[in-house]
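Note sheet for the following structure.
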Amino acid sequence: MSLIQPRTLKGFRDYLPEVMIPRERMMQTAREVFRSFGFAPIDTPVLEHLEILTGKGSDETDRQIYRFQDNGGRDVGMRFDLTVPLARFAAQHIGTLGKPFKRYHIAPVWRGENPQAGRYREFVQCDFDTIATESVLADIEAVAVINSLLESLGFDRFTISLNNRTILTGLLEGLGLSDSTVPVLRSLDKLTKIGREKTIAEMVSAAGVTEDQAESVLRLADCNGTPEEIFAMLPEVTGGNETAAAGIDRLQEIYQGAVASGVPARRIKLDVSIARGLDYYTGVIFETTLDDLPEIGSVCSGGRYDNLAGLYTKQHLPGIGASLGLDRLLAAMEKLELLPKISAPAPIFIAYFDADHRDDYLRLAANLRSAGLGVEVYPEPKKLGAQLKYADQKGFTLALIAGGNEWDASTVQVKTLASKETSDVAYIHDDAKELVAFVTNALAAK
RNA sequence: GUGGCUAUAGCUCAGUUGGUUAGAGCAUCGGAUUGUGAUUCCGAGGGUCGGGGGUUCAAGUCCCCUUAGCCACCCCA
């Protein structure tokens, strides 16, 4: 009989314990931050009716949706992001949710695109959104959440780039280019990548604008400097357009509010050239990059949208939200060596090498667990040396060793694996107090 | 979907202008060492050379196709 080759699909990955442990910890950290701002968890099905998913982004995104017919002949698709399912969810449940509604959603999504560095066909998104309010407070809060997320994950040097699409919209309005907004934005988004000349060329060819018009758009993108300097330049660059002026005011409010709510000003940068490809953003938009690893791209992006669920309900549901690139951040932490190499989920290892005392080992483990300690008992009575080697490689902190001598003397030998130091500690069945105290102390001292 | 680079043991890689039986380190397992782990020594297992086809007396090596990985475009987390 020939064996089946074990393999995963292109763009799909397995996660080993050494990756999964920090990954779970990251999700836990994100959950705690979201909850601390009052966001509530939700979940939605992986599969949606195909009509829910298609036609929301570009043709490009439609092409990337995994789709098939289910056993009942229905056209279904796997969710491509968490925003479209949120729109459907909100349209369906807003009556019972109350307004405004703040939710977070951490779940995998699927995209049938070609894999690349840090890009996969299955990956976890970590979204938070506030819907059914247009208040600038929600915008400010989004910036504060991003700051808290990265800070809690252990990052210090990162930059949150802010922009307000309304400023661009106003400028284009003034230039009579309202109909070409989307292609102009797309080209503009490439500015830092392909340079000024090529951007102008692309705007002319792809968006059908004149060179002068393209120049005017780029003058806006050229605004650099401190936030104060940029705010001073913007009214003139946008030609006094009213829509743009309102956008500038709004952006200023967000900036000041974010600083007031504790986001260090050094982490905020105004970048009027970032546009974000997604068409549905209409107001403030943000991208977050790591100062020490800018090449991996944005690790948390999002923005404000006017009308999230217009395709599913007549209710007007504006909102703001962002998505944390969990796996991208994990890759960054790996590169920056912020990850400890530990694959032992419990800190304490019990060597099992005296088969006559099997039940004693089990009782010892149970006693420690009921004191809230994580304990693993080795399943085979192998040579002690082999067991200690296993314990060391797995990254346990302490090993408990007990054989005939110890059981007779009512003690347990506690070994700190890293230092190889041992101590004999008293232990009597059903009275593990002394041992628990010693072990707890040793773990804390680690 | 388009283009470039790559594929040899579980992992990292050697393998000469095509030439006998494809190697090393690490890892695994056994022993030296019937209760003390990053050392040492001895031994063992493990390969359709990614898959398929072709050229040749002869292919890991050359050619074509295919699959997967990496990189770039597009788009994006």
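Residues are referred to by chain and number: the chain letter is A, B, ... according to the order shown in the structure tokens, the number counts from 1 in that chain, and ligands are numbered separately from 1 in the order shown.
Taking only C-alpha atoms (C1' of nucleotides), the non-local environment of A:Phe155 within 12 Å (same-chain residues fewer than 2 positions away omitted) comprises Ile146, Asn147, Ser148, Leu149, Leu150, Glu151, Ser152, Leu153, Arg157, Phe158, Thr159, Arg267, Thr288, Thr289, Leu290, Asp291, Asp292, Leu293, Val299, Leu329, Leu330, Ala332, Met333, Leu336, Glu337 and Leu338 of chain A.
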Mind dumping the selected residues with C-alpha atoms as a PDB file, in the first residue's frame?
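Resulting contents of part-v4.pdb:
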```pdb
ATOM      1  CA  ILE A 146      -3.918  50.827  18.086  1.00  0.00           C
ATOM      2  CA  ASN A 147      -1.399  52.442  20.395  1.00  0.00           C
ATOM      3  CA  SER A 148      -2.425  50.248  23.340  1.00  0.00           C
ATOM      4  CA  LEU A 149      -2.395  47.094  21.234  1.00  0.00           C
ATOM      5  CA  LEU A 150       1.157  47.517  20.038  1.00  0.00           C
ATOM      6  CA  GLU A 151       2.369  48.741  23.381  1.00  0.00           C
ATOM      7  CA  SER A 152       0.827  45.751  25.170  1.00  0.00           C
ATOM      8  CA  LEU A 153       2.383  43.396  22.657  1.00  0.00           C
ATOM      9  CA  ARG A 157       9.087  52.075  18.328  1.00  0.00           C
ATOM     10  CA  PHE A 158       6.197  52.308  15.862  1.00  0.00           C
ATOM     11  CA  THR A 159       4.457  54.989  13.840  1.00  0.00           C
ATOM     12  CA  ARG A 267       4.292  57.923  17.354  1.00  0.00           C
ATOM     13  CA  THR A 288       0.873  51.507  11.403  1.00  0.00           C
ATOM     14  CA  THR A 289       4.456  50.547  10.688  1.00  0.00           C
ATOM     15  CA  LEU A 290       7.244  49.304  12.930  1.00  0.00           C
ATOM     16  CA  ASP A 291      10.181  51.700  12.958  1.00  0.00           C
ATOM     17  CA  ASP A 292      12.650  48.830  13.176  1.00  0.00           C
ATOM     18  CA  LEU A 293      11.037  46.781  10.455  1.00  0.00           C
ATOM     19  CA  VAL A 299       0.720  45.929  10.797  1.00  0.00           C
ATOM     20  CA  LEU A 329       3.436  40.975  13.840  1.00  0.00           C
ATOM     21  CA  LEU A 330       4.385  37.489  14.914  1.00  0.00           C
ATOM     22  CA  ALA A 332       8.191  40.710  13.080  1.00  0.00           C
ATOM     23  CA  MET A 333       8.642  39.578  16.673  1.00  0.00           C
ATOM     24  CA  LEU A 336      13.363  41.191  16.185  1.00  0.00           C
ATOM     25  CA  GLU A 337      13.977  38.249  18.528  1.00  0.00           C
ATOM     26  CA  LEU A 338      11.202  39.225  20.901  1.00  0.00           C
TER      27      LEU A 338
END
```
Listing only residues of stretch 271-309 of chain A within 9 Å of stretch 126-138 of chain A, what is the closest atom pair and its distance in Å (to one decimal) for each, using only C-alpha atoms, sorted by chain and residue number ascending, as a Markdown table?
```
| residue | atom | partner | partner_atom | distance |
| --- | --- | --- | --- | --- |
| A:Arg304 | CA | A:Glu134 | CA | 8.9 |
| A:Asp306 | CA | A:Glu134 | CA | 8.4 |
| A:Leu308 | CA | A:Ile131 | CA | 8.3 |
```
Take the residues from that selection and put them in a file with C-alpha atoms, as a PDB file, in the first residue's frame.
```
ATOM      1  CA  ARG A 304     -13.743  55.439   8.724  1.00  0.00           C
ATOM      2  CA  ASP A 306     -19.748  56.197   5.775  1.00  0.00           C
ATOM      3  CA  LEU A 308     -21.031  49.966   6.053  1.00  0.00           C
TER       4      LEU A 308
END
```
Give me the residues near A:Ile200 as a PDB file with N, CA, C and O atoms, in the first residue's frame, where near means some atom within 10 Å (using only C-alpha atoms (C1' of nucleotides)) and where sequence neighbours in that chain fewer than 6 positions away do not count.
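Listing of around_35.pdb after writing:
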```pdb
ATOM      1  N   VAL A 184      -7.486  57.868  -8.946  1.00  0.00           N
ATOM      2  CA  VAL A 184      -6.482  58.829  -8.484  1.00  0.00           C
ATOM      3  C   VAL A 184      -5.894  58.367  -7.148  1.00  0.00           C
ATOM      4  O   VAL A 184      -4.683  58.390  -6.947  1.00  0.00           O
ATOM      5  N   SER A 187      -3.460  55.464  -7.582  1.00  0.00           N
ATOM      6  CA  SER A 187      -2.144  55.877  -8.074  1.00  0.00           C
ATOM      7  C   SER A 187      -1.370  56.563  -6.972  1.00  0.00           C
ATOM      8  O   SER A 187      -0.184  56.313  -6.767  1.00  0.00           O
ATOM      9  N   LEU A 188      -2.063  57.413  -6.242  1.00  0.00           N
ATOM     10  CA  LEU A 188      -1.406  58.185  -5.190  1.00  0.00           C
ATOM     11  C   LEU A 188      -0.807  57.265  -4.129  1.00  0.00           C
ATOM     12  O   LEU A 188       0.267  57.524  -3.600  1.00  0.00           O
ATOM     13  N   LEU A 191       2.801  56.305  -4.457  1.00  0.00           N
ATOM     14  CA  LEU A 191       3.815  57.356  -4.530  1.00  0.00           C
ATOM     15  C   LEU A 191       5.155  56.968  -3.906  1.00  0.00           C
ATOM     16  O   LEU A 191       6.199  57.072  -4.555  1.00  0.00           O
ATOM     17  N   ALA A 206      -4.099  56.248 -16.137  1.00  0.00           N
ATOM     18  CA  ALA A 206      -5.127  55.410 -15.522  1.00  0.00           C
ATOM     19  C   ALA A 206      -6.371  56.201 -15.115  1.00  0.00           C
ATOM     20  O   ALA A 206      -7.480  55.682 -15.164  1.00  0.00           O
ATOM     21  N   VAL A 209      -6.508  62.197 -15.969  1.00  0.00           N
ATOM     22  CA  VAL A 209      -6.435  63.594 -15.535  1.00  0.00           C
ATOM     23  C   VAL A 209      -5.302  64.275 -16.309  1.00  0.00           C
ATOM     24  O   VAL A 209      -4.490  63.617 -16.955  1.00  0.00           O
ATOM     25  N   THR A 210      -5.261  65.592 -16.263  1.00  0.00           N
ATOM     26  CA  THR A 210      -4.180  66.309 -16.932  1.00  0.00           C
ATOM     27  C   THR A 210      -2.961  66.324 -16.021  1.00  0.00           C
ATOM     28  O   THR A 210      -3.060  66.070 -14.828  1.00  0.00           O
ATOM     29  N   GLU A 211      -1.812  66.660 -16.606  1.00  0.00           N
ATOM     30  CA  GLU A 211      -0.591  66.695 -15.815  1.00  0.00           C
ATOM     31  C   GLU A 211      -0.669  67.761 -14.728  1.00  0.00           C
ATOM     32  O   GLU A 211      -0.189  67.553 -13.612  1.00  0.00           O
ATOM     33  N   ASP A 212      -1.294  68.887 -15.054  1.00  0.00           N
ATOM     34  CA  ASP A 212      -1.432  69.956 -14.066  1.00  0.00           C
ATOM     35  C   ASP A 212      -2.259  69.482 -12.876  1.00  0.00           C
ATOM     36  O   ASP A 212      -1.929  69.755 -11.725  1.00  0.00           O
ATOM     37  N   GLN A 213      -3.327  68.768 -13.195  1.00  0.00           N
ATOM     38  CA  GLN A 213      -4.183  68.267 -12.120  1.00  0.00           C
ATOM     39  C   GLN A 213      -3.420  67.278 -11.251  1.00  0.00           C
ATOM     40  O   GLN A 213      -3.507  67.310 -10.018  1.00  0.00           O
ATOM     41  N   ALA A 214      -2.662  66.421 -11.890  1.00  0.00           N
ATOM     42  CA  ALA A 214      -1.868  65.455 -11.138  1.00  0.00           C
ATOM     43  C   ALA A 214      -0.858  66.181 -10.248  1.00  0.00           C
ATOM     44  O   ALA A 214      -0.646  65.789  -9.091  1.00  0.00           O
ATOM     45  N   GLU A 215      -0.272  67.239 -10.780  1.00  0.00           N
ATOM     46  CA  GLU A 215       0.676  68.028  -9.993  1.00  0.00           C
ATOM     47  C   GLU A 215       0.005  68.591  -8.743  1.00  0.00           C
ATOM     48  O   GLU A 215       0.583  68.581  -7.656  1.00  0.00           O
ATOM     49  N   VAL A 217      -2.488  67.390  -7.122  1.00  0.00           N
ATOM     50  CA  VAL A 217      -2.706  66.308  -6.161  1.00  0.00           C
ATOM     51  C   VAL A 217      -1.398  66.007  -5.435  1.00  0.00           C
ATOM     52  O   VAL A 217      -1.363  65.823  -4.216  1.00  0.00           O
ATOM     53  N   LEU A 218      -0.313  65.986  -6.168  1.00  0.00           N
ATOM     54  CA  LEU A 218       0.968  65.658  -5.551  1.00  0.00           C
ATOM     55  C   LEU A 218       1.462  66.760  -4.618  1.00  0.00           C
ATOM     56  O   LEU A 218       2.194  66.490  -3.682  1.00  0.00           O
TER      57      LEU A 218
END
```
Exercise. Which neighbours of stretch 32-47 of chain B fall inside 10 Å, counting only C-alpha atoms (C1' of nucleotides), when residues of the same chain fewer than 4 positions from it are skipped, and could you give them as a PyMOL selection string?
Worked result: (chain A and resi 353-354+383-393+401-405+415+417-418+420+422) or (chain B and resi 8-10+22+28)
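Taking atom CA of A:Thr61 and atom CA of A:Glu113 as the two end points, the separation is 9.3 Å.
Relative to atom CA of A:Ser273, atom CA of A:Asn163 is found at 7.6 Å.
Going from atom CA of A:Glu229 over to atom CA of A:Glu197, you cover 25.3 Å.
Nearest residue to chain B among A:Ala399, A:Leu311, A:Val259, A:Ala437 is A:Ala399, counting only C-alpha atoms (C1' of nucleotides).
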Problem set entry | Contact residues around stretch 115-122 of chain A with only C-alpha atoms (C1' of nucleotides) at 7 Å, ignoring same-chain residues under 4 positions, as a ChimeraX atom specification | /A:11-12,108-111,328
Just N, CA, C and O atoms for this one: save the residues we selected as a PDB file, in the first residue's frame.
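In the end it all went to out_6.pdb:
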```
ATOM      1  N   GLY A  11      -0.164  27.941   0.351  1.00  0.00           N
ATOM      2  CA  GLY A  11      -0.613  29.134   1.064  1.00  0.00           C
ATOM      3  C   GLY A  11      -1.251  28.844   2.425  1.00  0.00           C
ATOM      4  O   GLY A  11      -1.653  29.765   3.118  1.00  0.00           O
ATOM      5  N   PHE A  12      -1.352  27.549   2.790  1.00  0.00           N
ATOM      6  CA  PHE A  12      -1.907  27.165   4.097  1.00  0.00           C
ATOM      7  C   PHE A  12      -0.781  26.603   4.957  1.00  0.00           C
ATOM      8  O   PHE A  12       0.138  25.980   4.428  1.00  0.00           O
ATOM      9  N   PRO A 108      -9.981  33.472  11.386  1.00  0.00           N
ATOM     10  CA  PRO A 108      -9.286  33.302  10.109  1.00  0.00           C
ATOM     11  C   PRO A 108     -10.131  33.744   8.922  1.00  0.00           C
ATOM     12  O   PRO A 108     -11.369  33.677   8.979  1.00  0.00           O
ATOM     13  N   VAL A 109      -9.452  34.204   7.877  1.00  0.00           N
ATOM     14  CA  VAL A 109     -10.106  34.546   6.610  1.00  0.00           C
ATOM     15  C   VAL A 109      -9.319  33.876   5.482  1.00  0.00           C
ATOM     16  O   VAL A 109      -8.195  33.439   5.685  1.00  0.00           O
ATOM     17  N   TRP A 110      -9.926  33.805   4.313  1.00  0.00           N
ATOM     18  CA  TRP A 110      -9.316  33.041   3.210  1.00  0.00           C
ATOM     19  C   TRP A 110      -9.294  33.859   1.924  1.00  0.00           C
ATOM     20  O   TRP A 110     -10.314  34.464   1.553  1.00  0.00           O
ATOM     21  N   ARG A 111      -8.157  33.866   1.278  1.00  0.00           N
ATOM     22  CA  ARG A 111      -8.028  34.584   0.005  1.00  0.00           C
ATOM     23  C   ARG A 111      -7.230  33.737  -0.981  1.00  0.00           C
ATOM     24  O   ARG A 111      -6.116  33.336  -0.691  1.00  0.00           O
ATOM     25  N   ARG A 328       1.600  38.855  10.794  1.00  0.00           N
ATOM     26  CA  ARG A 328       2.675  39.712  10.346  1.00  0.00           C
ATOM     27  C   ARG A 328       3.478  40.208  11.556  1.00  0.00           C
ATOM     28  O   ARG A 328       4.698  40.259  11.529  1.00  0.00           O
TER      29      ARG A 328
END
```
